[in-house]
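Structure file work.cif; described as mmCIF, C-alpha atoms, pLDDT in the B column; chains and numbers go by the auth columns.
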data_my_file
#
loop_
_atom_site.group_PDB
_atom_site.id
_atom_site.type_symbol
_atom_site.label_atom_id
_atom_site.label_comp_id
_atom_site.label_asym_id
_atom_site.label_seq_id
_atom_site.Cartn_x
_atom_site.Cartn_y
_atom_site.Cartn_z
_atom_site.B_iso_or_equiv
_atom_site.auth_seq_id
_atom_site.auth_asym_id
ATOM 1 C CA MET A 1 22.923 -11.127 7.198 39.00 274 A
ATOM 2 C CA LEU A 2 20.283 -10.137 4.674 41.00 275 A
ATOM 3 C CA PRO A 3 21.460 -8.466 1.473 44.00 276 A
ATOM 4 C CA LEU A 4 20.655 -4.752 1.208 45.00 277 A
ATOM 5 C CA SER A 5 18.622 -5.491 -1.940 47.00 278 A
ATOM 6 C CA PHE A 6 15.746 -6.755 0.225 48.00 279 A
ATOM 7 C CA LEU A 7 15.072 -3.109 1.086 48.00 280 A
ATOM 8 C CA GLY A 8 14.683 -2.050 -2.522 52.00 281 A
ATOM 9 C CA ASN A 9 15.390 1.657 -2.853 51.00 282 A
ATOM 10 C CA ALA A 10 14.984 2.460 0.830 52.00 283 A
ATOM 11 C CA PRO A 11 18.446 2.719 2.428 55.00 284 A
ATOM 12 C CA SER A 12 17.019 4.647 5.379 59.00 285 A
ATOM 13 C CA LEU A 13 15.156 1.474 6.287 58.00 286 A
ATOM 14 C CA PHE A 14 18.493 -0.281 6.690 60.00 287 A
ATOM 15 C CA VAL A 15 19.407 2.116 9.494 61.00 288 A
ATOM 16 C CA PHE A 16 15.990 1.526 11.038 60.00 289 A
ATOM 17 C CA PHE A 17 16.443 -2.238 10.695 59.00 290 A
ATOM 18 C CA CYS A 18 19.834 -2.097 12.452 64.00 291 A
ATOM 19 C CA HIS A 19 18.313 -0.087 15.299 61.00 292 A
ATOM 20 C CA ALA A 20 15.417 -2.546 15.621 61.00 293 A
ATOM 21 C CA PHE A 21 17.770 -5.541 15.545 62.00 294 A
ATOM 22 C CA LYS A 22 19.937 -3.969 18.251 67.00 295 A
ATOM 23 C CA ASN A 23 16.835 -3.526 20.436 69.00 296 A
ATOM 24 C CA ASN A 24 15.631 -7.138 19.896 69.00 297 A
ATOM 25 C CA MET A 25 12.443 -6.105 18.110 64.00 298 A
ATOM 26 C CA LYS A 26 10.192 -8.986 17.041 71.00 299 A
ATOM 27 C CA ILE A 27 10.041 -9.677 13.300 69.00 300 A
ATOM 28 C CA THR A 28 6.283 -8.962 13.175 72.00 301 A
ATOM 29 C CA ASP A 29 6.829 -5.629 14.903 76.00 302 A
ATOM 30 C CA LEU A 30 9.711 -4.878 12.568 76.00 303 A
ATOM 31 C CA ASP A 31 7.512 -5.590 9.541 79.00 304 A
ATOM 32 C CA LYS A 32 4.828 -3.230 10.850 82.00 305 A
ATOM 33 C CA GLU A 33 7.370 -0.517 11.566 83.00 306 A
ATOM 34 C CA ILE A 34 8.951 -0.851 8.119 84.00 307 A
ATOM 35 C CA LYS A 35 5.519 -0.541 6.510 86.00 308 A
ATOM 36 C CA LYS A 36 4.743 2.523 8.646 87.00 309 A
ATOM 37 C CA LYS A 37 8.031 4.098 7.557 88.00 310 A
ATOM 38 C CA ILE A 38 7.354 3.418 3.876 88.00 311 A
ATOM 39 C CA VAL A 39 3.779 4.741 4.139 87.00 312 A
ATOM 40 C CA SER A 40 5.041 7.838 5.954 90.00 313 A
ATOM 41 C CA ASP A 41 7.705 8.465 3.304 89.00 314 A
ATOM 42 C CA ARG A 42 5.203 7.961 0.478 86.00 315 A
ATOM 43 C CA GLN A 43 2.644 10.174 2.191 88.00 316 A
ATOM 44 C CA LYS A 44 5.198 12.988 2.381 90.00 317 A
ATOM 45 C CA GLU A 45 5.883 12.565 -1.319 85.00 318 A
ATOM 46 C CA TYR A 46 2.386 11.847 -2.681 84.00 319 A
ATOM 47 C CA GLY A 47 -0.085 12.888 0.036 88.00 320 A
ATOM 48 C CA ASP A 48 -2.728 10.997 2.014 90.00 321 A
ATOM 49 C CA TYR A 49 -3.529 7.626 0.421 89.00 322 A
ATOM 50 C CA GLN A 50 -7.206 7.724 1.429 90.00 323 A
ATOM 51 C CA TYR A 51 -7.683 11.068 -0.297 92.00 324 A
ATOM 52 C CA ASN A 52 -5.628 9.957 -3.309 89.00 325 A
ATOM 53 C CA PHE A 53 -7.552 6.702 -3.693 89.00 326 A
ATOM 54 C CA THR A 54 -10.834 8.652 -3.527 92.00 327 A
ATOM 55 C CA ILE A 55 -9.651 11.017 -6.271 91.00 328 A
ATOM 56 C CA LEU A 56 -8.309 8.097 -8.321 90.00 329 A
ATOM 57 C CA ALA A 57 -11.651 6.308 -7.949 91.00 330 A
ATOM 58 C CA GLU A 58 -13.353 9.362 -9.489 92.00 331 A
ATOM 59 C CA LEU A 59 -10.779 9.597 -12.287 90.00 332 A
ATOM 60 C CA PHE A 60 -10.871 5.873 -13.040 91.00 333 A
ATOM 61 C CA THR A 61 -14.666 6.040 -13.079 91.00 334 A
ATOM 62 C CA LEU A 62 -14.550 8.879 -15.618 90.00 335 A
ATOM 63 C CA ILE A 63 -12.112 6.998 -17.826 84.00 336 A
ATOM 64 C CA LEU A 64 -13.961 3.688 -17.538 89.00 337 A
ATOM 65 C CA ALA A 65 -17.509 5.150 -17.434 89.00 338 A
ATOM 66 C CA PRO A 66 -18.692 3.559 -20.700 83.00 339 A
ATOM 67 C CA ASN A 67 -17.707 0.143 -19.317 85.00 340 A
ATOM 68 C CA LEU A 68 -18.962 0.494 -15.739 88.00 341 A
ATOM 69 C CA LYS A 69 -22.368 0.059 -14.175 90.00 342 A
ATOM 70 C CA LYS A 70 -21.355 1.777 -10.885 90.00 343 A
ATOM 71 C CA LYS A 71 -18.749 4.223 -9.630 90.00 344 A
ATOM 72 C CA LEU A 72 -15.516 2.766 -8.347 92.00 345 A
ATOM 73 C CA LYS A 73 -14.865 2.929 -4.617 92.00 346 A
ATOM 74 C CA PRO A 74 -11.507 3.869 -3.064 94.00 347 A
ATOM 75 C CA HIS A 75 -10.817 0.300 -1.915 94.00 348 A
ATOM 76 C CA GLN A 76 -11.267 -0.863 -5.504 93.00 349 A
ATOM 77 C CA VAL A 77 -8.462 1.514 -6.487 94.00 350 A
ATOM 78 C CA GLY A 78 -6.332 -0.319 -3.925 94.00 351 A
ATOM 79 C CA GLN A 79 -7.287 -3.606 -5.552 94.00 352 A
ATOM 80 C CA LEU A 80 -6.230 -2.207 -8.927 94.00 353 A
ATOM 81 C CA MET A 81 -2.933 -0.984 -7.468 94.00 354 A
ATOM 82 C CA MET A 82 -2.297 -4.436 -5.957 95.00 355 A
ATOM 83 C CA THR A 83 -3.013 -5.966 -9.355 94.00 356 A
ATOM 84 C CA LEU A 84 -0.529 -3.592 -10.977 92.00 357 A
ATOM 85 C CA LYS A 85 2.192 -4.457 -8.449 92.00 358 A
ATOM 86 C CA LEU A 86 1.466 -8.171 -8.732 93.00 359 A
ATOM 87 C CA PHE A 87 1.687 -7.945 -12.525 91.00 360 A
ATOM 88 C CA ARG A 88 4.961 -6.010 -12.319 90.00 361 A
ATOM 89 C CA SER A 89 6.393 -8.722 -10.062 91.00 362 A
ATOM 90 C CA THR A 90 5.958 -11.233 -12.895 91.00 363 A
ATOM 91 C CA LYS A 91 8.339 -9.159 -15.054 88.00 364 A
ATOM 92 C CA GLY A 92 11.319 -9.673 -12.779 89.00 365 A
ATOM 93 C CA TYR A 93 12.329 -9.233 -9.182 91.00 366 A
ATOM 94 C CA LYS A 94 12.166 -5.756 -7.696 90.00 367 A
ATOM 95 C CA ALA A 95 11.754 -5.554 -3.922 90.00 368 A
ATOM 96 C CA ASP A 96 9.720 -2.362 -4.226 89.00 369 A
ATOM 97 C CA ASN A 97 6.902 -4.249 -5.989 89.00 370 A
ATOM 98 C CA TYR A 98 6.543 -6.660 -3.082 92.00 371 A
ATOM 99 C CA HIS A 99 6.795 -3.963 -0.423 91.00 372 A
ATOM 100 C CA ASP A 100 4.189 -1.856 -2.218 93.00 373 A
ATOM 101 C CA LEU A 101 1.921 -4.866 -2.754 94.00 374 A
ATOM 102 C CA SER A 102 1.943 -5.554 0.976 94.00 375 A
ATOM 103 C CA ILE A 103 1.323 -1.907 1.825 94.00 376 A
ATOM 104 C CA TYR A 104 -1.485 -1.563 -0.737 95.00 377 A
ATOM 105 C CA ASN A 105 -3.027 -4.677 0.792 96.00 378 A
ATOM 106 C CA ASP A 106 -3.059 -3.053 4.250 95.00 379 A
ATOM 107 C CA MET A 107 -4.445 0.220 2.870 95.00 380 A
ATOM 108 C CA THR A 108 -7.119 -1.570 0.861 96.00 381 A
ATOM 109 C CA PHE A 109 -8.119 -3.666 3.858 96.00 382 A
ATOM 110 C CA ASP A 110 -8.527 -0.467 5.904 95.00 383 A
ATOM 111 C CA LEU A 111 -10.524 1.365 3.215 96.00 384 A
ATOM 112 C CA HIS A 112 -12.777 -1.617 2.487 96.00 385 A
ATOM 113 C CA LYS A 113 -13.458 -2.161 6.203 96.00 386 A
ATOM 114 C CA LYS A 114 -14.367 1.535 6.603 95.00 387 A
ATOM 115 C CA ASP A 115 -16.730 1.271 3.634 93.00 388 A
ATOM 116 C CA ILE A 116 -18.419 -1.829 5.071 94.00 389 A
ATOM 117 C CA ASP A 117 -18.666 -0.225 8.534 94.00 390 A
ATOM 118 C CA LYS A 118 -20.161 2.947 7.024 91.00 391 A
ATOM 119 C CA ASN A 119 -22.736 0.909 5.081 88.00 392 A
ATOM 120 C CA ASP A 120 -23.627 -1.065 8.223 90.00 393 A
ATOM 121 C CA LYS A 121 -24.261 2.209 10.125 89.00 394 A
ATOM 122 C CA ASN A 122 -26.538 3.499 7.342 86.00 395 A
ATOM 123 C CA ARG A 123 -28.842 0.477 7.502 77.00 396 A
#
Kindly present the structure from the file in structure tokens form.
Amino acid sequence: MLPLSFLGNAPSLFVFFCHAFKNNMKITDLDKEIKKKIVSDRQKEYGDYQYNFTILAELFTLILAPNLKKKLKPHQVGQLMMTLKLFRSTKGYKADNYHDLSIYNDMTFDLHKKDIDKNDKNR
């Protein structure tokens, strides 16, 4: 049995995990469902990540303006957030850093793909 610490600070995921295990859910499906649950919980607390990353891109651009040649894009905010989580993981083990890193990766992938698709349509 896995230790509860693998869930970080998400005890509600343990209940979900037990339900999934009981129903013979595949590990890949379980991983996707856990990520969905975390994203849903974070969205309730912090709001829509796409909107937040867009706002953060504007704020980061303002702060970094003297050092930038172009405005930051929302997917670049995701890259910065992944960098933050990766850096934090070097300071000691905390499951939350790894869960968030994985989730930021998925969000960033989605935002970057949308940006590329939008640019392809405008050509």
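In terms of minimum interatomic distance to A:Thr381, A:Val350 ranks closest within A:Leu357, A:Val312, A:Val350, A:Ala368, counting only C-alpha atoms.
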Task: Chain and number of each residue from the PyMOL selection byres ((chain A and resi 359-361) around 12), as an MDAnalysis selection string - done: chainID A and resid 352:358 362:375 377:378
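We find atom CA of A:Lys387 and atom CA of A:Lys299 to be spaced 28.7 Å apart.
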Task: Two-atom distance - atom CA of A:Lys394, atom CA of A:Lys344 (Å) - done: 20.6 Å
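Residue membership of the PyMOL selection byres ((chain A and resi 330) around 7) in the shown file amounts to Phe326, Thr327, Ile328, Leu329, Glu331, Leu332, Phe333, Thr334, Leu345, Lys346, Pro347 and Val350 of chain A.
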How big is the axis-aligned box around all listed atoms of stretch 323-335 of chain A once 6 Å goes on each side, and where's its centre, in Å to one decimal, as JSON?
{"center_x": -10.1, "center_y": 8.5, "center_z": -7.1, "size_x": 21.0, "size_y": 17.2, "size_z": 29.0}
Long-range neighbours of A:Lys309 as an mmCIF file with C-alpha atoms, in the coordinates of the input, 10 Å cut-off, all atoms listed in the file, 6 positions minimum in chain:
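Heads up, here's the output in result_30.cif:
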data_model
loop_
_atom_site.group_PDB
_atom_site.id
_atom_site.type_symbol
_atom_site.label_atom_id
_atom_site.label_comp_id
_atom_site.auth_asym_id
_atom_site.auth_seq_id
_atom_site.Cartn_x
_atom_site.Cartn_y
_atom_site.Cartn_z
ATOM 1 C CA LEU A 303 9.711 -4.878 12.568
ATOM 2 C CA ARG A 315 5.203 7.961 0.478
ATOM 3 C CA ILE A 376 1.323 -1.907 1.825
#
- [ ] Would you mind telling me which residue in A:Asn340, A:Leu384, A:Asp393, A:Asp304 lies nearest to A:Gln323 when using only C-alpha atoms?
- [x]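 Closest residue, counting only C-alpha atoms: A:Leu384.
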